[in-house]
Amino acid sequence: MSTRSRYRAQEESITLSPLEEQIAAQRGGETTELLTLNIGPHHPATHGVLRLLVTLEGEIVRELKPIVGYVHTGIEKTAEQKAYWKVIPVVERMDYLSYYFNAMAFCGAVETLLECEVPKRAQYLRVIHLELNRIMSHLVWLGTSALDLGAISMFWYCFRERETILDLFEFSSGQRMHTRYFQVGGVMEDIPHGFEAKLREFISIMPGRTDQYADLLRRNEILLQRLRGVCPLDEATLLALGVTGPLLRAAGNPWDLRKAAPYTSYEDFEFKIPVGTVGDNYDRFAVRLAEIYESVKIIEQALDGLPEGPHITEDRKIALPPRHELATSMEALIHHFKLVTEGFRVPPGEIYYPIESPRGELGCFIRSDGSSKPARVHMRDPSFVNLQATAPMVRGAYIADLIATLAMLDPILGGIDR
Amino acid sequence: MPDQVGLELIAGQLASQIPGAVRETTFFRGRATIEIEPTAVRGVLSALRDEHGYRALMSVHGVDYYPQEPRLGVHYELLDMSRVDRLTVKLRVALAEPTVESVTPDWPTADHQEREVYDMFGVRFDGHPDLRRILMPEDYEGHPQRRDFPIGGEPVLFTHNDATSPGWTR
């Protein structure tokens with residue numbers, strides 16, 4: 001029997017009668033018919049190519065099954081075929097809204113394996129870009145979620161600020177998305193002249209703009225009715241499901257890796273962790289909105305305290321020598337040649353390096369066998385794990401609230417499918 | 001992170017509770033790892049949760065140790081949120097019989113992740129409620145993250161090779 005027919009047999013064996021009987025028993029023998037509805041994979045409300053099999057009783061969701069894999073591109077497999085520094089642009093494309101975080105998790109894991117010290121200036125530059133990326137990711141989430149709830153103007157406002165951030169990314173790295181700015185050992189280039197002024201201008205307007213979004217949404221009766229008290233999930237269930245990030249914080253658990261286990265100099269900055277109280281959709285919304293203010297604060301502090309020094313490690317076995325050295329130094333030329341052709345070798349070992357991405361714990365697992373290519377790269381993507389919380393959240397809710405909950409869950413299918 | 005001594009203490013306690021469960025301990029770059037017998041996985045993880053405070057399972061992922069035997073590995077990343085402490089539990093199973101007991105009944109978060117390990121490496125999880133492929137198509141043959149699985153060679157689907165490309169049509 002082939003795999004397919006076994007699968008088909010399993011598909012056909014699925015019966016809804018136990019669920020129907022259960023509901024009928026609750027209703028005192030009154031029979032109801034359940035409807036299984038397919039949503040997606042191509043549906044604007046699923047925020048990507050996510051397919052949902054929803055079992056409905058009237059308008060109420062009784063069961064939900066997410067089906068993923070439609071944008072699986074084999075990034076983890078591809079990464080095994082490439083030298084370490086060539087993996088960075090590949091892993092960046094996983095969660096396409098938080099590319100700096102993907103690069104950070106990977107570079108951090110490789111640096112731990114190499115025991116490579118990252119210069120303080122590079123760490124601060126990383127923090128600046130990570131937090132800009134977090135704001136950008138939250139803006140896309142806010143715009144598209146508000147769109148799902150019927151507020152189209154939010155989309156234009158959010159994308160206006162996102163545009164400014166992408167301009168800043170382009171200024172510092174030459175790319176707007178998937179910038180490959182983070183390198184093993186530091187960052188690609190120091191920030192250009194004029195970047196600081198542009199960034200300061202942005203952080204001066206961003207809190208005011210966030211106030212405007214809050215004013216537009218927080219007292220909007222339509223939005224409040226769609227979010228407040230809708231699809232809450234308690235902290236214990238979320239923890240059992242492995243949910244992290246704003247979703248867990250909305251339920252009142254202040255778990256944030258930036259505070260709990262600081263990496264890349266987060267311990268130098270003062271910021272608060274917004275938490276919710278009941279863990280409903282409104283809390284999820286409010287926590288993310290409040291995180292934008294905190295990110296702005298971190299950027300401001302990082303910019304004020306930006307230390308002088310190199311932007312990438314001086315270790316020539318890891319980072320490319322500066323361009324001007326190539327003309328005069330034979331050694332630099334050899335290092336350049338070795339790095340570009342073979343890449344650096346990483347001591348054998350296994351490492352799991354977690355960071356706080358806009359969606360939760362993004363962990364990068366690397367197994368090195370001592371060669372210049374990783375033997376295994378795995379990303380513990382927060383969206384992939386958080387998606388499991390959809391069914392417990394929406395069971396018993398209206399199908400319209402399913403859309404709102406999915407928006408507040410903020411799954412990125414590029415990260416889920418990898 | 002538990003330090004080297006803490007790791008040995010935990011491993012010692014586990015070994016006395018579940019005889020033969022602990023194979024070896026590794027302390028590498030400040031990270032603690034315990035390698036266990038595949039059969040003891042549920043007991044070990046429950047003991048670590050109930051007695052050592054590792055209440056969150058953050059990640060389950062597979063590794064292929066090709067060409068070493070036993071070839072396939074499964075890693076469990078445990079986290080203690082109150083002490084901010086991480087511990088890796090890993091196990092290895094032979095390619096001939098890649099079967100591990102599922103921890104999904106104890107840790108619901110393992111559901112999708114075990115399915116991914118099954119999909120990518122072919123490790124079967126006994127007792128998993130819904131062990132199906134998750135990322136690859138359901139009729140896909142082979143487990144693509146294994147080290148000896150070739151890259152490339154996947155036929156691009158056009159109308160002219162629609163009938164001959166395996167796995168795409170009936």
# chains A, B, ... in the order shown; residues from 1 in each chain; ligands from 1
>>> select_by_dssp(residues="chain B", states="helix (DSSP H, G or I)", output="MDAnalysis selection string")
chainID B and resid 4:17 38:52 110:121
>>> select_by_dssp(residues="segment 69-167 of chain B", states="strand (DSSP E or B)", output="ChimeraX atom specification")
/B:72-80,85-93,99-101,124-126
>>> write_last_selection(atoms="N, CA, C and O atoms", output="tab-separated table (two decimals), in the first residue's frame")
chain	number	residue	atom	x	y	z
B	72	LEU	N	20.11	8.77	13.84
B	72	LEU	CA	19.16	9.87	13.99
B	72	LEU	C	19.09	10.33	15.44
B	72	LEU	O	19.09	9.51	16.37
B	73	GLY	N	19.04	11.62	15.62
B	73	GLY	CA	18.97	12.17	16.97
B	73	GLY	C	17.75	13.05	17.12
B	73	GLY	O	17.28	13.67	16.15
B	74	VAL	N	17.21	13.09	18.31
B	74	VAL	CA	16.13	14.02	18.62
B	74	VAL	C	16.57	14.82	19.84
B	74	VAL	O	17.06	14.25	20.82
B	75	HIS	N	16.45	16.13	19.75
B	75	HIS	CA	16.87	17.01	20.85
B	75	HIS	C	15.64	17.65	21.47
B	75	HIS	O	14.74	18.09	20.76
B	76	TYR	N	15.64	17.74	22.78
B	76	TYR	CA	14.56	18.42	23.51
B	76	TYR	C	15.19	19.56	24.28
B	76	TYR	O	16.09	19.34	25.09
B	77	GLU	N	14.74	20.78	24.02
B	77	GLU	CA	15.28	21.94	24.73
B	77	GLU	C	14.35	22.29	25.88
B	77	GLU	O	13.24	22.76	25.66
B	78	LEU	N	14.81	22.07	27.09
B	78	LEU	CA	13.98	22.37	28.25
B	78	LEU	C	14.37	23.72	28.83
B	78	LEU	O	15.52	24.15	28.73
B	79	LEU	N	13.38	24.35	29.44
B	79	LEU	CA	13.61	25.68	29.99
B	79	LEU	C	12.93	25.79	31.34
B	79	LEU	O	11.81	25.33	31.52
B	80	ASP	N	13.65	26.37	32.28
B	80	ASP	CA	13.07	26.70	33.57
B	80	ASP	C	12.95	28.21	33.60
B	80	ASP	O	13.94	28.93	33.67
B	85	ASP	N	16.97	28.93	33.15
B	85	ASP	CA	17.92	27.85	33.10
B	85	ASP	C	17.52	26.93	31.95
B	85	ASP	O	16.34	26.59	31.82
B	86	ARG	N	18.50	26.57	31.14
B	86	ARG	CA	18.17	25.70	30.01
B	86	ARG	C	18.93	24.38	30.11
B	86	ARG	O	20.04	24.34	30.64
B	87	LEU	N	18.32	23.36	29.59
B	87	LEU	CA	18.95	22.05	29.60
B	87	LEU	C	18.53	21.33	28.32
B	87	LEU	O	17.36	21.35	27.95
B	88	THR	N	19.50	20.73	27.64
B	88	THR	CA	19.18	19.98	26.44
B	88	THR	C	19.19	18.49	26.77
B	88	THR	O	20.12	18.01	27.40
B	89	VAL	N	18.14	17.82	26.37
B	89	VAL	CA	18.11	16.37	26.49
B	89	VAL	C	18.15	15.82	25.08
B	89	VAL	O	17.39	16.26	24.22
B	90	LYS	N	19.10	14.92	24.83
B	90	LYS	CA	19.12	14.37	23.47
B	90	LYS	C	19.16	12.87	23.51
B	90	LYS	O	19.60	12.26	24.49
B	91	LEU	N	18.69	12.28	22.44
B	91	LEU	CA	18.71	10.83	22.34
B	91	LEU	C	19.01	10.48	20.90
B	91	LEU	O	18.86	11.29	20.00
B	92	ARG	N	19.50	9.27	20.72
B	92	ARG	CA	19.82	8.83	19.36
B	92	ARG	C	19.23	7.46	19.10
B	92	ARG	O	19.26	6.59	19.97
B	93	VAL	N	18.68	7.30	17.91
B	93	VAL	CA	18.08	6.02	17.54
B	93	VAL	C	18.70	5.55	16.23
B	93	VAL	O	19.16	6.36	15.42
B	99	THR	N	12.40	4.56	16.25
B	99	THR	CA	11.15	4.73	17.01
B	99	THR	C	11.45	5.31	18.38
B	99	THR	O	12.33	4.86	19.09
B	100	VAL	N	10.72	6.37	18.72
B	100	VAL	CA	10.85	7.02	20.01
B	100	VAL	C	9.44	7.18	20.56
B	100	VAL	O	8.49	7.36	19.80
B	101	GLU	N	9.33	7.13	21.86
B	101	GLU	CA	8.02	7.37	22.44
B	101	GLU	C	7.71	8.87	22.34
B	101	GLU	O	8.57	9.71	22.61
B	124	ARG	N	9.85	7.82	14.01
B	124	ARG	CA	8.44	7.59	14.35
B	124	ARG	C	8.23	7.83	15.83
B	124	ARG	O	9.04	7.40	16.65
B	125	PHE	N	7.18	8.54	16.15
B	125	PHE	CA	6.88	8.82	17.55
B	125	PHE	C	5.68	8.00	17.97
B	125	PHE	O	4.56	8.27	17.54
B	126	ASP	N	5.92	7.00	18.81
B	126	ASP	CA	4.85	6.13	19.29
B	126	ASP	C	3.95	6.90	20.24
B	126	ASP	O	4.44	7.54	21.17
>>> residues_around(residues="Leu402 of chain A", least_positions_apart="3", cutoff="12 Å", atoms="only C-alpha atoms", output="ChimeraX atom specification")
/A:39,45-46,52-56,59-64,148-149,226-227,230-232,281,389-399,405-409
>>> interface_residues(of="chain B", to="chain A", cutoff="10 Å", atoms="only C-alpha atoms", output="ChimeraX atom specification")
/B:28-33,55-66,75,77,81-86,88,104,106-113,120,132-141,144-147,149-152,167,170
>>> closest_residue(among="B:Gly122, B:Gly20, B:Glu114, B:Gln4", to="Glu97 of chain B", atoms="only C-alpha atoms")
B:Gly122
>>> residues_around(residues="Tyr263 of chain A", least_positions_apart="3", cutoff="12 Å", atoms="only C-alpha atoms", output="ChimeraX atom specification")
/A:104-105,107-109,111-112,118,120,123-124,126-127,130,256-260,266-269,353-356
>>> write_last_selection(atoms="N, CA and C atoms", output="PDB file, in the first residue's frame")
ATOM      1  N   MET A 104      20.341  37.319  13.322  1.00  0.00           N
ATOM      2  CA  MET A 104      20.911  37.428  14.667  1.00  0.00           C
ATOM      3  C   MET A 104      20.994  36.052  15.333  1.00  0.00           C
ATOM      4  N   ALA A 105      19.930  35.268  15.235  1.00  0.00           N
ATOM      5  CA  ALA A 105      19.934  33.942  15.858  1.00  0.00           C
ATOM      6  C   ALA A 105      21.028  33.076  15.253  1.00  0.00           C
ATOM      7  N   CYS A 107      23.804  34.084  13.495  1.00  0.00           N
ATOM      8  CA  CYS A 107      25.142  34.608  13.782  1.00  0.00           C
ATOM      9  C   CYS A 107      25.495  34.371  15.249  1.00  0.00           C
ATOM     10  N   GLY A 108      24.526  34.572  16.133  1.00  0.00           N
ATOM     11  CA  GLY A 108      24.783  34.355  17.554  1.00  0.00           C
ATOM     12  C   GLY A 108      25.193  32.916  17.833  1.00  0.00           C
ATOM     13  N   ALA A 109      24.515  31.967  17.185  1.00  0.00           N
ATOM     14  CA  ALA A 109      24.850  30.564  17.390  1.00  0.00           C
ATOM     15  C   ALA A 109      26.254  30.263  16.883  1.00  0.00           C
ATOM     16  N   GLU A 111      28.708  32.411  16.473  1.00  0.00           N
ATOM     17  CA  GLU A 111      29.690  33.089  17.334  1.00  0.00           C
ATOM     18  C   GLU A 111      29.915  32.317  18.629  1.00  0.00           C
ATOM     19  N   THR A 112      28.863  31.728  19.178  1.00  0.00           N
ATOM     20  CA  THR A 112      29.035  30.935  20.394  1.00  0.00           C
ATOM     21  C   THR A 112      29.903  29.718  20.110  1.00  0.00           C
ATOM     22  N   VAL A 118      32.182  39.767  20.005  1.00  0.00           N
ATOM     23  CA  VAL A 118      31.637  40.777  19.093  1.00  0.00           C
ATOM     24  C   VAL A 118      31.911  42.158  19.692  1.00  0.00           C
ATOM     25  N   LYS A 120      31.687  45.939  20.971  1.00  0.00           N
ATOM     26  CA  LYS A 120      30.542  46.606  21.591  1.00  0.00           C
ATOM     27  C   LYS A 120      29.760  47.451  20.574  1.00  0.00           C
ATOM     28  N   GLN A 123      27.523  45.336  18.632  1.00  0.00           N
ATOM     29  CA  GLN A 123      26.366  44.884  19.406  1.00  0.00           C
ATOM     30  C   GLN A 123      25.302  45.970  19.474  1.00  0.00           C
ATOM     31  N   TYR A 124      25.748  47.213  19.664  1.00  0.00           N
ATOM     32  CA  TYR A 124      24.780  48.310  19.727  1.00  0.00           C
ATOM     33  C   TYR A 124      24.118  48.523  18.364  1.00  0.00           C
ATOM     34  N   ARG A 126      23.613  46.278  16.231  1.00  0.00           N
ATOM     35  CA  ARG A 126      22.659  45.171  16.092  1.00  0.00           C
ATOM     36  C   ARG A 126      21.367  45.495  16.823  1.00  0.00           C
ATOM     37  N   VAL A 127      21.511  46.008  18.044  1.00  0.00           N
ATOM     38  CA  VAL A 127      20.311  46.323  18.829  1.00  0.00           C
ATOM     39  C   VAL A 127      19.458  47.350  18.084  1.00  0.00           C
ATOM     40  N   LEU A 130      17.777  45.574  15.234  1.00  0.00           N
ATOM     41  CA  LEU A 130      16.788  44.603  15.702  1.00  0.00           C
ATOM     42  C   LEU A 130      15.517  45.304  16.150  1.00  0.00           C
ATOM     43  N   ASP A 256      10.447  37.578  28.649  1.00  0.00           N
ATOM     44  CA  ASP A 256      11.053  38.221  27.492  1.00  0.00           C
ATOM     45  C   ASP A 256      12.543  37.931  27.568  1.00  0.00           C
ATOM     46  N   LEU A 257      13.066  37.268  26.552  1.00  0.00           N
ATOM     47  CA  LEU A 257      14.484  36.870  26.599  1.00  0.00           C
ATOM     48  C   LEU A 257      15.422  38.067  26.657  1.00  0.00           C
ATOM     49  N   ARG A 258      14.960  39.208  26.165  1.00  0.00           N
ATOM     50  CA  ARG A 258      15.822  40.395  26.207  1.00  0.00           C
ATOM     51  C   ARG A 258      16.128  40.776  27.646  1.00  0.00           C
ATOM     52  N   LYS A 259      15.157  40.538  28.527  1.00  0.00           N
ATOM     53  CA  LYS A 259      15.363  40.836  29.948  1.00  0.00           C
ATOM     54  C   LYS A 259      15.883  39.611  30.693  1.00  0.00           C
ATOM     55  N   ALA A 260      15.284  38.437  30.404  1.00  0.00           N
ATOM     56  CA  ALA A 260      15.584  37.243  31.188  1.00  0.00           C
ATOM     57  C   ALA A 260      16.997  36.743  30.936  1.00  0.00           C
ATOM     58  N   TYR A 266      21.642  43.711  25.509  1.00  0.00           N
ATOM     59  CA  TYR A 266      20.343  44.220  25.918  1.00  0.00           C
ATOM     60  C   TYR A 266      20.331  44.617  27.391  1.00  0.00           C
ATOM     61  N   GLU A 267      21.314  44.075  28.166  1.00  0.00           N
ATOM     62  CA  GLU A 267      21.348  44.405  29.594  1.00  0.00           C
ATOM     63  C   GLU A 267      21.716  45.872  29.819  1.00  0.00           C
ATOM     64  N   ASP A 268      22.245  46.555  28.796  1.00  0.00           N
ATOM     65  CA  ASP A 268      22.642  47.947  28.961  1.00  0.00           C
ATOM     66  C   ASP A 268      21.464  48.916  28.900  1.00  0.00           C
ATOM     67  N   PHE A 269      20.331  48.456  28.444  1.00  0.00           N
ATOM     68  CA  PHE A 269      19.243  49.392  28.174  1.00  0.00           C
ATOM     69  C   PHE A 269      18.107  49.230  29.167  1.00  0.00           C
ATOM     70  N   TYR A 353      20.699  28.536  20.260  1.00  0.00           N
ATOM     71  CA  TYR A 353      20.840  29.945  20.620  1.00  0.00           C
ATOM     72  C   TYR A 353      19.496  30.641  20.466  1.00  0.00           C
ATOM     73  N   PRO A 354      18.820  30.941  21.583  1.00  0.00           N
ATOM     74  CA  PRO A 354      17.506  31.562  21.489  1.00  0.00           C
ATOM     75  C   PRO A 354      17.554  33.091  21.605  1.00  0.00           C
ATOM     76  N   ILE A 355      16.740  33.766  20.852  1.00  0.00           N
ATOM     77  CA  ILE A 355      16.587  35.218  20.998  1.00  0.00           C
ATOM     78  C   ILE A 355      15.092  35.550  20.998  1.00  0.00           C
ATOM     79  N   GLU A 356      14.787  36.768  21.336  1.00  0.00           N
ATOM     80  CA  GLU A 356      13.390  37.205  21.377  1.00  0.00           C
ATOM     81  C   GLU A 356      13.046  37.890  20.066  1.00  0.00           C
TER      82      GLU A 356
END
>>> atom_distance(atom1="atom CA of Trp85 of chain A", atom2="atom CA of Gln301 of chain A")
29.8 Å
>>> closest_residue(among="A:Glu161, A:Phe337, A:Asn220, A:Ala286", to="Gly208 of chain A", atoms="only C-alpha atoms")
A:Glu161
>>> atom_distance(atom1="atom CA of Ser153 of chain A", atom2="atom CA of Phe285 of chain A")
17.1 Å
>>> closest_residue(among="B:Thr39, B:Thr25, B:Ser46, B:Gln13", to="Pro98 of chain B", atoms="only C-alpha atoms")
B:Thr39
>>> residues_around(residues="Gln17 of chain B", least_positions_apart="5", cutoff="12 Å", atoms="only C-alpha atoms", output="PyMOL selection string")
chain B and resi 10-12+22+40+43-44+46-48+51
